[in-house]
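S.K.: Handing you this structure, nothing more for now.
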Amino acid sequence: MRILNKSVLLTAILVGIFVLLSAPRAAAQSGSISGQILDVNAKPWVGLTVQATSDQGAKQTAKTDNDGKYSIPNLRGGTYMVTITAFPPPNDKQPPYDMAKVRVSVGEDAKADANFKEIMAKQGAAVQEQVKKNEETKAKFEGMKAHFNAGNTLLDQEKAAKADLQKAPADQRDAAKQKVNDLADQAAKEYKAAQESAGEKDPNVHLLWAKLGEAYDTAGRNDEAAQAYQQAITAKPDVPGYYNNLGNVLARAGKIEEAKAAYSKSAELDPANAATAWRNFGISLYNANRLADAIAPLQKSTELDPKNAQAWYLLGASLLMKMTTKKVGDKEEVHLAPGTVEAYQKAEELDPNGPWGAQAKQGLTDLKALGAGIDTKVNVRKKKS
């Protein structure tokens with residue numbers, strides 16, 4: 001038997017290891033699909049979701065970049081259906097679109113492109129017309145949105161200007177009022193432009209009319225505001241707030257019965273906030289110095305929400321309009337309308353440390369000074385024994 005030299009044996013082993021390490025590895029068994037997608041104007045379509053589905057049902061997705069390009073790597077060899085599964089707004093409601101069926105080979109990149117301008121040209125006039133309408137709708141929406149946002153910015157400025165007007169010295173009030181009116185005109189111009197962009201059948205048109213009404217309302221332009229709010233109601237007759245806003249301007253304009261009808265509708269549509277609607281009616285009349293007319297809606301508001309101090313105070317103040325005096329001998333006796341004192345006392349009870357309670361307390365003091373015969377202990381509660 002031949003005995004191998006140890007050094008020779010070691011050399012053979014090392015050579016074998018070297019051969020194993022230097023042997024080429026098998027290439028990855030995969031391919032890919034890529035392409036570019038252009039929209040109906042032959043421009044890169046950004047943000048599309050593209051999906052490759054194999055014959056076995058395996059799925060892999062990618063999104064198109066700013067050049068409308070996509071790439072789906074690491075695909076096993078086989079046949080794939082390439083589908084656009086999601087479109088970006090405003091086409092996000094479009095159904096999936098099958099682009100192509102492609103064969104993927106190992107180590108190769110299969111191509112699947114789409115030019116929707118060419119695709120639409122092959123689809124016929126009806127489809128092209130629909131695409132054109134979709135593009136017009138998109139353009140109108142963008143135009144409407146831009147004007148709407150501009151109107152909102154001006155409306156905010158108008159409200160700030162109105163707040164400044166209320167604090168302005170007498171010699172600056174005319175200029176401050178003119179600023180409010182100018183901003184109202186500018187906001188109205190934007191909202192009207194938004195309406196033109198949207199068209200009469202746009203589902204957002206009611207909101208544009210309501211905002212136009214708010215611009216005029218803020219400037220105290222009652223007739224124009226009422227017309228705009230009425231248009232908002234015509235476009236969407238189930239919004240309680242539109243009737244409430246219409247009621248505000250009608251009451252301010254002295255159109256009491258029309259205002260009452262508007263507030264009634266608001267309360268009917270939103271029973272949970274009916275007390276607020278009637279209180280707003282009373283506040284509008286009170287601020288317009290129509291105190292006698294304010295009594296009925298304020299009474300209804302306190303019946304629906306007996307815990308609102310503001311409503312009770314305004315009711316008491318409004319009931320003073322029914323106060324009478326009668327001369328008895330050498331003295332004038334003061335006779336208050338029923339509920340006057342109770343309304344003031346209720347306001348004081350509900351808001352003991354607030355503005356309405358303080359005003360109610362002062363009102364009771366003033367009435368007592370007039371000799372109205374008020375028992376100031378009416379609301380004093382008995383201590384628990």
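Lettering and numbering for the structure tokens are positional, with chains as A, B, ... in the shown order, residues counted from 1 in each chain, and ligands counted from 1 in the shown order.
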Can you list, as a VMD selection string, all residues belonging to stretch 95-317 of chain A that DSSP tags as alpha helix (DSSP H)?
M.R.: chain A and resid 116 to 123 125 to 167 173 to 198 205 to 218 222 to 235 240 to 252 256 to 269 274 to 287 291 to 304 309 to 317
S.K.: Residues at most 10 Å from A:Ser318, counting only C-alpha atoms, excluding those fewer than 5 positions away in the same chain, as number ranges by chain?
M.R.: A: 282, 285-286, 289-296, 298, 312-313, 323, 340
S.K.: Take the residues from that selection and write them out as a CSV table (one decimal), in the first residue's frame, keeping N, CA and C atoms.
M.R.:
```
chain,number,residue,atom,x,y,z
A,282,GLY,N,-85.5,85.4,19.0
A,282,GLY,CA,-85.7,86.4,20.0
A,282,GLY,C,-84.5,87.4,20.1
A,285,LEU,N,-84.6,89.9,17.2
A,285,LEU,CA,-85.6,90.9,17.4
A,285,LEU,C,-85.2,91.9,18.5
A,286,TYR,N,-84.6,91.3,19.6
A,286,TYR,CA,-84.2,92.2,20.7
A,286,TYR,C,-83.1,93.2,20.2
A,289,ASN,N,-84.3,96.1,18.5
A,289,ASN,CA,-85.1,96.9,19.3
A,289,ASN,C,-86.6,96.7,19.1
A,290,ARG,N,-86.9,95.4,18.8
A,290,ARG,CA,-88.3,95.0,18.6
A,290,ARG,C,-88.7,94.1,19.8
A,291,LEU,N,-88.6,94.7,21.0
A,291,LEU,CA,-88.7,93.9,22.2
A,291,LEU,C,-90.1,93.3,22.4
A,292,ALA,N,-91.1,93.9,22.0
A,292,ALA,CA,-92.5,93.3,22.1
A,292,ALA,C,-92.6,92.1,21.3
A,293,ASP,N,-92.0,92.1,20.1
A,293,ASP,CA,-92.1,91.0,19.2
A,293,ASP,C,-91.2,89.9,19.7
A,294,ALA,N,-90.1,90.2,20.5
A,294,ALA,CA,-89.2,89.2,20.9
A,294,ALA,C,-89.8,88.3,22.0
A,295,ILE,N,-90.8,88.7,22.7
A,295,ILE,CA,-91.4,88.0,23.8
A,295,ILE,C,-91.8,86.6,23.5
A,296,ALA,N,-92.6,86.4,22.5
A,296,ALA,CA,-93.1,85.1,22.1
A,296,ALA,C,-92.0,84.1,21.8
A,298,LEU,N,-88.9,84.1,22.7
A,298,LEU,CA,-88.1,83.9,23.9
A,298,LEU,C,-88.9,83.0,24.9
A,312,TRP,N,-83.6,83.7,29.5
A,312,TRP,CA,-84.5,84.2,30.6
A,312,TRP,C,-84.2,85.7,30.8
A,313,TYR,N,-83.0,86.1,30.7
A,313,TYR,CA,-82.7,87.6,30.9
A,313,TYR,C,-83.4,88.4,29.8
A,323,MET,N,-94.7,96.9,30.7
A,323,MET,CA,-94.9,97.6,32.0
A,323,MET,C,-95.8,98.8,31.9
A,340,THR,N,-92.3,88.9,34.4
A,340,THR,CA,-91.1,89.8,34.3
A,340,THR,C,-90.1,89.5,35.4
```
S.K.: Please list as JSON, numbers by chain every residue within 12 Å of stretch 64-79 of chain A, counting only C-alpha atoms and excluding residues in the same chain fewer than 6 positions away.
M.R.: {"A": [28, 29, 30, 31, 32, 33, 34, 35, 36, 37, 38, 39, 42, 43, 44, 45, 46, 47, 48, 49, 50, 51, 52, 53, 54, 55, 56, 57, 58, 85, 86, 87, 88, 100, 101, 102, 103, 104, 105, 106, 107, 108, 109, 110, 111, 112, 113, 114, 115, 116]}
S.K.: Running DSSP on the backbone, which parts of stretch 76-154 of chain A land in strand (DSSP E or B), as an MDAnalysis selection string?
M.R.: chainID A and resid 78:86 97:104 109:111 114:115
S.K.: Would you work out the distance separating atom CA of A:Ala317 from atom CA of A:Val341, expressed in Å to one decimal?
M.R.: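 Answer for the atom CA of A:Ala317 to atom CA of A:Val341 separation: 9.6 Å.
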S.K.: Fewer than 5 positions away in the same chain doesn't count, so skip those; otherwise give me all residues within 12 Å of A:Phe281, counting only C-alpha atoms, as a PyMOL selection string.
M.R.: chain A and resi 243-252+254-264+266-267+274-276+286-288+290-291+293-301+311+314-315
S.K.: List as a PyMOL selection string the protein and nucleic acid residues near stretch 156-160 of chain A, meaning an atom at most 9 Å away when only C-alpha atoms are counted, but skip any in the same chain fewer than 4 places from it.
M.R.: chain A and resi 151-152+164-165+179-184+187+215+218-219
S.K.: With distances taken over only C-alpha atoms, which residue among A:Ala163, A:Ile84, A:Met144, A:Val40 lies nearest A:Glu196?
M.R.: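 Result for the nearest residue to A:Glu196: A:Met144.
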S.K.: Which residue gives the smallest distance to A:Tyr191 among A:Lys133, A:Lys122, A:Arg173, A:His206, with only C-alpha atoms counted?
M.R.: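 Of A:Lys133, A:Lys122, A:Arg173, A:His206, the one nearest A:Tyr191, counting only C-alpha atoms, is A:His206.
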